[in-house]
Every structure is written in structure tokens, then in C-alpha cells.
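First comes the structure, then the notes that go with it.
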Amino acid sequence: MKYTGAQILIESLIREGADTIFGYPGGVLLPIFDVLYDAKINFILVRHEQGAAHAADGYSRSTNKVGVCMATSGPGATNLITGIATAYMDSIPMVIITGQVLTTMIGNDAFQEADIIGITRPIVKHSYLLKDVADIARVVKEAFHIASTGRPGPVLVDIPKDISTETMSSPNYSKKVDIRSYNPTCLGHPMQIKKAINAIASSKKPIIYSGGGILSSNAAEELQKFVDITGIPVTSTLLGLGGFPGTHPLFLGMLGMHGTKYANYAITNADLVIAIGARFDDRVTGKIDEFVPKATVIHIDVDPASISKNVHAHIPIVGDAKCILQQLNKEAIPPKINDWIEQIEQWKKEYPLGYKKSGKLKPQFVVEKIYEVTGGNAIITTEVGQNQMWAAQYYKFDYPRSFLSSGGLGTMGYGFPAAIGAQVANPDMVVFDIAGDGSFQMNIQELATAIQYNLPVNVAILNNHNLGMVRQWQELFFNKRYSHTSMTVQPDFVKVAEAYGAEGIRVETEEEVVPALKRAISSKKPVVLDFWVEEEENVFPMVPAGASLTQMIEGMA
Amino acid sequence: MNHTISVLVENRLGVLARVSGLFSGRGYNIDSLCVGETDDPMISRMTIVTHGDNKIIEQIEKQLNKLIDVIKVMDVTKEDHVERELVLIKVGVDEGQRGKILEIVEIFRGKVIDVSPKTITVEITGDEGKINGITEMLKPFGVKELVRTGKVAVVRGEK
């Protein structure tokens, strides 16, 4: 029997364990969509290709499986780019299938032709242009392997139309991958482990700074064990939230620009920083020269290029966070740090996270209530800006993969399609997109997708009628010159929801918040909650860009 | 300081774009770049001359290693090594100057590879010092064109 390239492609995806493709059809994909017509794989038709990429990302972050998305050549492929870049910056495993014009037409400026391999080169971990039907099975296998191992990331496979129609008789679905130039390290070097053990044992003011690597290597359990053994407090990056229980007494919350004061004080005063799966991003470190001035730095990361890139690591350990934590847990000696813990408790009491009540509905209050009503048993996605920071500050993420947010790229429009992807992967979970009125409008069209596939995702718009985070910066650093951040015209989100066939609820007072949230959770439909919140509320504490972490502004005048 | 980085890569479509894109995207400099097949036609060697402080060079090596198609990266500057570059220089010739030019070429052990009534083209191989030396010497005669291959390098001995 002869198989077409399209058949081999879909069979390869299924063999790699893909159960869902998020995508959008198009001319050069027709042979592949013909196979998808009765293939044993779930296909989610989005309304814009960017939605497909974010949904595949949300699917991946909520499961740690490889997300798969598909788009046609030219504009279909270019619409994926923001989603690919988002996944790349946050190290999310994803396989992207793009259609390409006929191999004989490549380079001729053919209809719907774009050099997507060239365009995406800086934002993928790797990419393939298929030129032979015999390569398809191997390339898909490699793509999944590369996407999901080492430091994960997106891998793009570009398939010209004639390759998907070409046939061959016995495709080689080999079980093994052999890439001589790609061998990610898992175990940490024993010498480095020894050094780390000694540094931990003799430390007086240690702190763990954990990042998204805890989640990508499934190391939450190991991290908790490490803390049980050593008693060292934990602060987390935005992407690391959920990697350590948010309600744990040794958890200090997020650090950095909008981190808690006590986390920022603790890391600045620490004598030992144990960075695990984090990359010392500028939003975390503030002024780099004044970051962890007194500390010995242990940096555990699977990507050697992340180590000593921004902050010098005294004890670098290259490898997988899970493997290395297991190694450390075998030998770790708890340090004597009672005074340090007391000091941190003092800071926690002195500088708690908080906001001022006024007569108006506060966005932080809404986030607190989402936490209370769901009991933390939900998947929270966010858009980018104030909504994202309030979600990170006021919701307690106790479980891995319960917080999905675009950290590195900071992509507005991410949260809603990501929520759809997460809901597809976790049909029984409550999913909330904590959104802003600006961000939600960037991918609002995906409401139709949610309706079509009966996905009861909830959107909580913290509607301040402004591009709030930029407005905040204008208020604080640009003399309140509010240049083009006010959204004076916006749709009636309740009616928009209803027009799509979803539910819409407007909330303007504190009393209405909990009933509205309960209604949303019990509804079988997608629900858009339009919370009209205090327009001029700001995210605090805040470290101004370029300042050191201890120079936090509070703004509660 | 200049560093000569030798990179073994899979001889595949787009590899050069991945490597050069990495340099431009991250703001690193390429002073020269030389690419060719090795004894194994599946593998190419890129010899890249770049500059930057130690931190930048370390990042360049690490980032190169991250590319899936890169097999091996080596900063040969750290080793005892030999570097060579081939240069073709076309010099303008006025009446009576030909002999002087030939003399210089002889001293530098260059080769004359083309002659016309008004030009001489010289081939010269050597390290940076030698290339700079002959270029300086030929300048007064009027260098019409200078074509360099970029450096290639090899570590001495068995390594």
C-alpha cells in the first residue's frame, strides 16, 4: 500500500502522542486536511492563527505535553509568529506545522508564499523544511524530541504541498532519535553537587529563587522535598508560580519589579542564592550590579547559555532541575537559619502585600475572590499588564501548571486562547482568563472557538477602560501625560459575549463579585465577566526600571 | 581581543543563516567568516573571527552550541594554533614600477597570478602580520582591489 505525505504526517503526530491540533486550513494544506477529515486526532478550528499558537501553548503549559498547531503557507504561517515567539521566550514545547507552496515554486514569490523558516529562525529552537516524503516520519519524531527535551521550545516543520501528496510504500516510523549534535545534560556534575551541598550547609541566609524550569522538568515534588529537608525559603519568578505551593509558610511570593517587598529584601540580603530553572531576567533583577550583592550564587539550569549570562554563578550546575534536585536531596545538610527565618517573618509582617479599599471595586479584590471561590483549584491564564501582575500577586498558586502567562515576551492577547487550549486539555477543570479590557480585545474572536467546541472557559476582565500598565508608567514617570492609553470607545463586553452565544455578566460592586463568579463556574457555557474596576488603580509595590530591588515605590499616599 | 572560533556543523540547508543570524540577532560581530566542507561531506567547518570581552566570547560559544546543527565549537585562540588567510591583491602598475612590485612579492613569497599592461595581481597566503605587511608595502603603487578569503585555523599537533 502507498501512503501520501499527508497520511504519514498525521500518523507520525499520532505516534508521538499528539491528541489535539489547533489550527486553521488553507490552500496548500488541503491534502492534509483531507486526511484530518477522518483521522483519530482532535482538531480545534480557531478563528485566527495566532489563537492556534497560543492555544497549543496553553495546552502544553497545562499538561507539559508538546502542543501542536497548524497553519497554511504565507499569511497563515505569519499569523502564528507572535505565538511562536511567546513559546520560545518561555521555553514551551511546541510543534508547529506550516504548509508551504510547491517545492518547484519556492522562491518564485508564489501565491501565499512566505519564507517562514527564515522569518521564524530567531524564535524557534529548530526548524525543518521538508523536501522528501521519506523524511517526514523522522523529522516529526525529531521535532517532538527537540521540542520537549533539554531547554524546551518550539520546533517548526514546513511542508510543501507536493510533499504532502507524494507517496511512498513503507514509511520509517523508527522508535529512536539519533541526533549526534544534540545531547542535553540531565544529571549535574558530582563535583558541582558537592560544592552546592557544602555551600548550603554553611549558609546563614539562603534563599531559593525558582523559575519556570521547575515546571518544565516536573520538579515541583523534588523542590518541596528539598525545602522540607533544608528549611530554605522560596521566592519565585512569574513563570515559576505554582512550582512551589503559594500557601506554604516558607513561600515569599514573586520577586522582582512587582514582587513582594519581603521577597526582594530577602534576596538582596541573602548570602546564598539557589537559582533553579530561572534566568535572571531584567524584570527579576532590577539594576543588575546591585542584585544579590552579598550572595554566593548556585545556578541550576539545563541551558548552559543561561548560566552566568546576566549574573555570575559561583557554582554553576548544568542539568535538569528534577535530576539535580534529586541529587541534592540525597545529601543535603540543613543549614542553621533560625535568625534568618525570623528576619523574613519580620519583613512579612512589616511589609505585607496590600491595597487600599475605596468605594469602588478594586481589581485585587476580584482576584482574591476568584481564588476564594475556586479554592485555588483552577487553571488561571492571564493577559499582560496590570491584570497579569495582580493575578500573580493576589492568587495563591498551590499547584504546578495552574498559572499560564506570557512572561518573557509579554504577549497581550495570550490569555484567552491559552485558556481555550488549557480547557481542551483539562475538560473537567475550571479555567479563568484574568484579562484586561485591552488584551481581551486582541483575541476576542476566539469566543466562537470556545462556543463551537463547548469549552466553558471564563474570562474575568478587570475593566479599567485603560491600557492600565502603560497608563501607570505615564502617571509615575511621564508627568501624567496619558498619551493614547485611554480606551474611551470599547464594546459592551456583555453584549459581545451574548452575540457569540456565550454568557456575559457585568459587575460593578463588591457584593456582586462572588455571585457572578459562582454563576460563571456553574455555567456550561463560556462566561465573560466584565468587572468595572477602579480606573486609576496601580500595581504596587514597584521597582522602577533600572533601579535596585530595594528601591520599591509604594504609592499608597 | 580577536578570537578565532572553529565550528563544525551539519552540512545542511540553512545552517549558515542560523549561525550568521545568531550573530546579528544578538549583536555579536563577525570580522571574517570562512566555510567549507570537511573530509566528511556531511560536515562543514566554519571559521569565524570575532571580537568581544570574555563574557561575550563565552556567550557566543554557548549560543553556537545551542544550535541543533552545530556539532562542535572550539575557540582556537585558546590553543596553540596556526592561522592562514589567502589574499588576492590587484595593483596598478606605472612604467618602471613593475620590477619594484615583483621584488616585494618575492620577499613576501607571494605569487603573481595575472598580469595586464596596467595591473599585476598577486596571490599571498599567510597570517595576519604577513598580509598586513605586504598590503602596506603595495599601497603606494595603488591597490585597485583586495580580496580576502577570511581566516582558517588549525590547532597544532594531535589535538
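Following the order of the C-alpha cells, first chain is A, next is B, and so on, with residues numbered from 1 inside each chain and ligands from 1 in the order they appear.
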
| field | 10 Å contact set for Pro31 (chain A), only C-alpha atoms, chain neighbours under 2 positions out, as a list in words | value |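 Skipping anything fewer than 2 positions along the chain leaves Thr4, Gly5, Ala6, Gln7, Gly26, Gly27, Val28, Leu29, Phe33, Asp34, Val35, Leu36, Lys161, Asp162, Ile163, Ser164 and Thr165 of chain A.
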
Generate a file of the selected residues that holds N, CA and C atoms, formatted as a PDB file, in the first residue's frame.
ATOM      1  N   THR A   4       0.400   8.666   1.400  1.00  0.00           N
ATOM      2  CA  THR A   4       0.782  10.025   0.993  1.00  0.00           C
ATOM      3  C   THR A   4       1.556  10.688   2.133  1.00  0.00           C
ATOM      4  N   GLY A   5       2.252  11.748   1.777  1.00  0.00           N
ATOM      5  CA  GLY A   5       2.965  12.520   2.783  1.00  0.00           C
ATOM      6  C   GLY A   5       2.026  13.010   3.879  1.00  0.00           C
ATOM      7  N   ALA A   6       0.827  13.436   3.475  1.00  0.00           N
ATOM      8  CA  ALA A   6      -0.156  13.917   4.447  1.00  0.00           C
ATOM      9  C   ALA A   6      -0.527  12.824   5.440  1.00  0.00           C
ATOM     10  N   GLN A   7      -0.720  11.606   4.917  1.00  0.00           N
ATOM     11  CA  GLN A   7      -1.065  10.490   5.807  1.00  0.00           C
ATOM     12  C   GLN A   7       0.081  10.183   6.767  1.00  0.00           C
ATOM     13  N   GLY A  26      -6.130  25.939   4.760  1.00  0.00           N
ATOM     14  CA  GLY A  26      -5.711  26.835   3.690  1.00  0.00           C
ATOM     15  C   GLY A  26      -5.313  26.023   2.480  1.00  0.00           C
ATOM     16  N   GLY A  27      -5.091  26.709   1.365  1.00  0.00           N
ATOM     17  CA  GLY A  27      -4.870  26.061   0.079  1.00  0.00           C
ATOM     18  C   GLY A  27      -3.862  24.931   0.109  1.00  0.00           C
ATOM     19  N   VAL A  28      -2.640  25.210   0.529  1.00  0.00           N
ATOM     20  CA  VAL A  28      -1.603  24.181   0.433  1.00  0.00           C
ATOM     21  C   VAL A  28      -1.781  23.081   1.473  1.00  0.00           C
ATOM     22  N   LEU A  29      -2.687  23.308   2.445  1.00  0.00           N
ATOM     23  CA  LEU A  29      -2.910  22.275   3.459  1.00  0.00           C
ATOM     24  C   LEU A  29      -4.020  21.313   3.073  1.00  0.00           C
ATOM     25  N   PHE A  33      -5.652  18.367   5.327  1.00  0.00           N
ATOM     26  CA  PHE A  33      -6.992  18.448   5.911  1.00  0.00           C
ATOM     27  C   PHE A  33      -7.891  17.319   5.416  1.00  0.00           C
ATOM     28  N   ASP A  34      -7.634  16.836   4.231  1.00  0.00           N
ATOM     29  CA  ASP A  34      -8.408  15.694   3.748  1.00  0.00           C
ATOM     30  C   ASP A  34      -8.145  14.470   4.626  1.00  0.00           C
ATOM     31  N   VAL A  35      -6.914  14.315   5.055  1.00  0.00           N
ATOM     32  CA  VAL A  35      -6.584  13.208   5.964  1.00  0.00           C
ATOM     33  C   VAL A  35      -7.219  13.462   7.338  1.00  0.00           C
ATOM     34  N   LEU A  36      -7.202  14.722   7.775  1.00  0.00           N
ATOM     35  CA  LEU A  36      -7.758  15.057   9.095  1.00  0.00           C
ATOM     36  C   LEU A  36      -9.268  14.814   9.167  1.00  0.00           C
ATOM     37  N   LYS A 161       3.300  21.600  -0.433  1.00  0.00           N
ATOM     38  CA  LYS A 161       2.102  20.871  -0.838  1.00  0.00           C
ATOM     39  C   LYS A 161       2.447  19.569  -1.573  1.00  0.00           C
ATOM     40  N   ASP A 162       3.432  19.637  -2.465  1.00  0.00           N
ATOM     41  CA  ASP A 162       3.731  18.423  -3.248  1.00  0.00           C
ATOM     42  C   ASP A 162       4.348  17.320  -2.392  1.00  0.00           C
ATOM     43  N   ILE A 163       4.962  17.696  -1.260  1.00  0.00           N
ATOM     44  CA  ILE A 163       5.496  16.655  -0.368  1.00  0.00           C
ATOM     45  C   ILE A 163       4.343  15.957   0.355  1.00  0.00           C
ATOM     46  N   SER A 164       3.255  16.686   0.599  1.00  0.00           N
ATOM     47  CA  SER A 164       2.129  16.037   1.284  1.00  0.00           C
ATOM     48  C   SER A 164       1.301  15.172   0.339  1.00  0.00           C
ATOM     49  N   THR A 165       1.482  15.354  -0.976  1.00  0.00           N
ATOM     50  CA  THR A 165       0.743  14.483  -1.905  1.00  0.00           C
ATOM     51  C   THR A 165       1.619  13.353  -2.465  1.00  0.00           C
TER      52      THR A 165
END

| chain A residues near chain B (6 Å cut-off, only C-alpha atoms) as a PyMOL selection string | chain A and resi 181-182+305

| Separation of CA of Val533 (chain A) from CA of Pro515 (chain A) in Å |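 Those two atoms sit 16.6 Å apart.
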
| said: Show me, as a PyMOL selection string, the residues that have an atom within 12 Å of Pro190 (chain A) when counting only C-alpha atoms, minus same-chain residues fewer than 6 positions from it. | reply: chain A and resi 196-197+315-319+323-324+327-328+331

| request: Skip Pro160 (chain A) itself and residues of its chain fewer than 2 positions away, then list as a ChimeraX atom specification all residues within 10 Å of it, counting only C-alpha atoms. | output: /A:5,28-29,72-73,98-106,129-132,157-158,162-165

| task | Write out as a PyMOL selection string all residues of region 261-509 of chain A that backbone DSSP assigns to strand (DSSP E or B). | result | chain A and resi 272-276+296-301+315-318+378-382+403-404+430-436+458-463+466+486+503-507

Tell me which protein, DNA and RNA residues are within 12 Å of region 539-556 of chain A, counting only C-alpha atoms, leaving out same-chain ones fewer than 4 positions away, and put them as a tab-separated table (two decimals) with N, CA and C atoms, in the first residue's frame.
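What follows is the written file around-v8.tsv:
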chain	number	residue	atom	x	y	z
A	254	MET	N	6.29	36.25	44.64
A	254	MET	CA	7.12	36.58	43.49
A	254	MET	C	8.13	37.66	43.87
A	255	LEU	N	9.29	37.63	43.20
A	255	LEU	CA	10.28	38.68	43.40
A	255	LEU	C	10.32	39.57	42.17
A	256	GLY	N	11.10	40.63	42.25
A	256	GLY	CA	11.32	41.45	41.07
A	256	GLY	C	10.48	42.71	41.04
A	257	MET	N	10.27	43.20	39.82
A	257	MET	CA	9.65	44.51	39.62
A	257	MET	C	8.34	44.69	40.39
A	258	HIS	N	7.48	43.69	40.36
A	258	HIS	CA	6.24	43.77	41.12
A	258	HIS	C	6.17	42.67	42.16
A	259	GLY	N	7.35	42.27	42.62
A	259	GLY	CA	7.40	41.23	43.63
A	259	GLY	C	7.02	41.78	44.99
A	260	THR	N	6.94	40.89	45.99
A	260	THR	CA	6.66	41.35	47.34
A	260	THR	C	7.90	42.03	47.89
A	261	LYS	N	7.68	42.97	48.81
A	261	LYS	CA	8.83	43.64	49.41
A	261	LYS	C	9.71	42.63	50.14
A	262	TYR	N	9.05	41.70	50.85
A	262	TYR	CA	9.85	40.77	51.66
A	262	TYR	C	10.68	39.84	50.79
A	263	ALA	N	10.16	39.47	49.61
A	263	ALA	CA	10.97	38.64	48.71
A	263	ALA	C	12.18	39.42	48.22
A	264	ASN	N	11.95	40.67	47.86
A	264	ASN	CA	13.06	41.49	47.35
A	264	ASN	C	14.09	41.80	48.43
A	265	TYR	N	13.61	42.07	49.65
A	265	TYR	CA	14.56	42.28	50.75
A	265	TYR	C	15.34	41.01	51.03
A	266	ALA	N	14.63	39.89	51.02
A	266	ALA	CA	15.27	38.62	51.37
A	266	ALA	C	16.37	38.29	50.37
A	267	ILE	N	16.09	38.42	49.08
A	267	ILE	CA	17.12	38.01	48.10
A	267	ILE	C	18.28	39.00	48.11
A	268	THR	N	17.98	40.27	48.36
A	268	THR	CA	19.06	41.27	48.38
A	268	THR	C	19.99	41.03	49.57
A	269	ASN	N	19.45	40.54	50.67
A	269	ASN	CA	20.26	40.33	51.87
A	269	ASN	C	20.80	38.91	52.00
A	282	ASP	N	15.72	40.71	33.45
A	282	ASP	CA	15.81	42.08	33.98
A	282	ASP	C	14.60	42.48	34.82
A	283	ARG	N	13.45	41.87	34.60
A	283	ARG	CA	12.28	42.16	35.43
A	283	ARG	C	12.44	41.55	36.83
A	284	VAL	N	13.34	40.60	36.94
A	284	VAL	CA	13.60	39.98	38.24
A	284	VAL	C	14.73	40.71	38.98
A	285	THR	N	15.77	41.03	38.26
A	285	THR	CA	16.99	41.51	38.95
A	285	THR	C	16.95	43.00	39.26
A	286	GLY	N	16.17	43.79	38.50
A	286	GLY	CA	16.34	45.24	38.62
A	286	GLY	C	17.76	45.59	38.21
A	287	LYS	N	18.30	46.63	38.81
A	287	LYS	CA	19.66	47.05	38.47
A	287	LYS	C	20.63	45.90	38.75
A	288	ILE	N	21.25	45.43	37.68
A	288	ILE	CA	21.96	44.15	37.78
A	288	ILE	C	23.16	44.21	38.73
A	289	ASP	N	23.83	45.36	38.80
A	289	ASP	CA	25.01	45.47	39.65
A	289	ASP	C	24.67	45.40	41.14
A	290	GLU	N	23.41	45.72	41.45
A	290	GLU	CA	23.04	45.72	42.87
A	290	GLU	C	22.16	44.53	43.23
A	291	PHE	N	22.10	43.57	42.33
A	291	PHE	CA	21.31	42.37	42.59
A	291	PHE	C	22.19	41.34	43.32
A	292	VAL	N	21.65	40.76	44.34
A	292	VAL	CA	22.34	39.77	45.20
A	292	VAL	C	23.82	40.12	45.44
A	293	PRO	N	24.06	41.32	45.99
A	293	PRO	CA	25.45	41.76	46.14
A	293	PRO	C	26.26	40.92	47.12
A	351	TYR	N	5.90	44.49	55.89
A	351	TYR	CA	5.59	44.94	54.52
A	351	TYR	C	4.66	43.98	53.80
A	352	PRO	N	3.47	43.78	54.31
A	352	PRO	CA	2.58	42.82	53.63
A	352	PRO	C	2.11	43.41	52.30
A	353	LEU	N	1.70	42.50	51.43
A	353	LEU	CA	1.11	42.92	50.17
A	353	LEU	C	-0.28	43.48	50.48
A	354	GLY	N	-0.62	44.60	49.89
A	354	GLY	CA	-1.94	45.11	50.20
A	354	GLY	C	-2.38	46.23	49.29
A	355	TYR	N	-3.65	46.54	49.39
A	355	TYR	CA	-4.19	47.65	48.61
A	355	TYR	C	-5.20	48.38	49.47
A	356	LYS	N	-5.45	49.62	49.10
A	356	LYS	CA	-6.38	50.44	49.88
A	356	LYS	C	-7.78	50.26	49.36
A	357	LYS	N	-8.69	50.04	50.27
A	357	LYS	CA	-10.10	49.98	49.87
A	357	LYS	C	-10.60	51.40	49.59
A	362	LYS	N	-12.24	47.08	43.49
A	362	LYS	CA	-10.79	47.00	43.28
A	362	LYS	C	-10.43	45.73	42.50
A	363	PRO	N	-9.53	45.83	41.53
A	363	PRO	CA	-9.14	44.64	40.76
A	363	PRO	C	-8.52	43.55	41.64
A	364	GLN	N	-7.75	43.99	42.65
A	364	GLN	CA	-7.12	43.00	43.53
A	364	GLN	C	-8.18	42.19	44.28
A	385	GLY	N	0.11	42.80	31.56
A	385	GLY	CA	-0.05	44.14	32.11
A	385	GLY	C	-0.49	44.06	33.56
A	386	GLN	N	-1.33	45.00	33.97
A	386	GLN	CA	-1.75	45.03	35.37
A	386	GLN	C	-2.50	43.76	35.75
A	387	ASN	N	-3.38	43.28	34.84
A	387	ASN	CA	-4.16	42.07	35.15
A	387	ASN	C	-3.25	40.90	35.53
A	388	GLN	N	-2.14	40.82	34.79
A	388	GLN	CA	-1.18	39.73	34.97
A	388	GLN	C	-0.49	39.84	36.34
A	389	MET	N	-0.11	41.06	36.69
A	389	MET	CA	0.60	41.26	37.95
A	389	MET	C	-0.32	41.06	39.16
A	390	TRP	N	-1.56	41.56	39.06
A	390	TRP	CA	-2.49	41.35	40.16
A	390	TRP	C	-2.81	39.87	40.33
A	391	ALA	N	-2.93	39.16	39.21
A	391	ALA	CA	-3.17	37.72	39.30
A	391	ALA	C	-1.99	37.04	40.02
A	392	ALA	N	-0.79	37.45	39.64
A	392	ALA	CA	0.41	36.84	40.24
A	392	ALA	C	0.52	37.18	41.73
A	393	GLN	N	0.08	38.37	42.11
A	393	GLN	CA	0.23	38.80	43.50
A	393	GLN	C	-0.87	38.27	44.41
A	394	TYR	N	-2.11	38.25	43.92
A	394	TYR	CA	-3.23	38.03	44.84
A	394	TYR	C	-3.89	36.66	44.74
A	468	GLY	N	-3.87	49.80	31.23
A	468	GLY	CA	-3.55	50.19	32.60
A	468	GLY	C	-2.07	50.26	32.94
A	469	MET	N	-1.29	49.28	32.50
A	469	MET	CA	0.12	49.27	32.90
A	469	MET	C	0.88	50.42	32.24
A	470	VAL	N	0.57	50.67	30.99
A	470	VAL	CA	1.24	51.80	30.32
A	470	VAL	C	0.77	53.11	30.95
A	471	ARG	N	-0.54	53.17	31.24
A	471	ARG	CA	-1.08	54.35	31.91
A	471	ARG	C	-0.37	54.58	33.24
A	472	GLN	N	-0.12	53.48	33.96
A	472	GLN	CA	0.58	53.59	35.25
A	472	GLN	C	1.97	54.19	35.08
A	473	TRP	N	2.70	53.74	34.08
A	473	TRP	CA	4.05	54.27	33.82
A	473	TRP	C	3.97	55.75	33.43
A	475	GLU	N	1.71	57.80	34.40
A	475	GLU	CA	1.40	58.54	35.63
A	475	GLU	C	2.66	58.75	36.46
A	476	LEU	N	3.45	57.69	36.61
A	476	LEU	CA	4.59	57.74	37.52
A	476	LEU	C	5.83	58.37	36.90
A	477	PHE	N	6.03	58.16	35.61
A	477	PHE	CA	7.32	58.57	35.02
A	477	PHE	C	7.20	59.55	33.85
A	535	GLU	N	-10.45	52.83	37.89
A	535	GLU	CA	-9.65	53.08	36.68
A	535	GLU	C	-8.19	53.42	36.97

Can you check which parts of region 13-83 of chain B lie within 12 Å of region 125-146 of chain B? Per residue, the shortest pair of atoms and distance in Å to one decimal, counting only C-alpha atoms, sorted by chain and number, as a Markdown table.
| residue | atom | partner | partner_atom | distance |
| --- | --- | --- | --- | --- |
| B:Val49 | CA | B:Glu128 | CA | 11.9 |
| B:His81 | CA | B:Asp127 | CA | 11.3 |
| B:Val82 | CA | B:Asp127 | CA | 8.2 |
| B:Glu83 | CA | B:Asp127 | CA | 5.7 |

| task | Would you kindly return, as a list in words, each protein, DNA or RNA residue with an atom no farther than 9 Å from any atom of region 220-223 of chain A, considering only C-alpha atoms and excluding same-chain residues fewer than 4 positions away? | result |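 Residues meeting the cut-off are Ser210, Ile214, Leu215, Val227, Asp228, Gly242, Gly243, Phe244, Pro245, Ala321, Lys322, Cys323, Leu325, Gln326, Asn329, Tyr399 and Pro400 of chain A.
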
Keeping C-alpha atoms, export the residues of the selection given above as a short mmCIF file (atom, residue, chain, number, x, y, z; two decimals), in the first residue's frame.
data_model
loop_
_atom_site.label_atom_id
_atom_site.label_comp_id
_atom_site.auth_asym_id
_atom_site.auth_seq_id
_atom_site.Cartn_x
_atom_site.Cartn_y
_atom_site.Cartn_z
CA SER A 210 12.83 29.17 41.46
CA ILE A 214 10.76 23.67 37.90
CA LEU A 215 7.59 23.21 35.87
CA VAL A 227 12.66 22.68 51.17
CA ASP A 228 11.41 20.09 53.67
CA GLY A 242 2.74 27.05 41.09
CA GLY A 243 6.09 25.27 41.15
CA PHE A 244 6.03 25.66 44.95
CA PRO A 245 2.82 25.94 46.98
CA ALA A 321 16.20 20.60 37.61
CA LYS A 322 14.46 17.38 38.60
CA CYS A 323 17.60 15.24 38.33
CA LEU A 325 17.22 18.29 43.00
CA GLN A 326 17.11 14.51 43.43
CA ASN A 329 18.07 15.77 48.24
CA TYR A 399 -0.36 23.51 42.13
CA PRO A 400 2.01 23.18 39.19
#
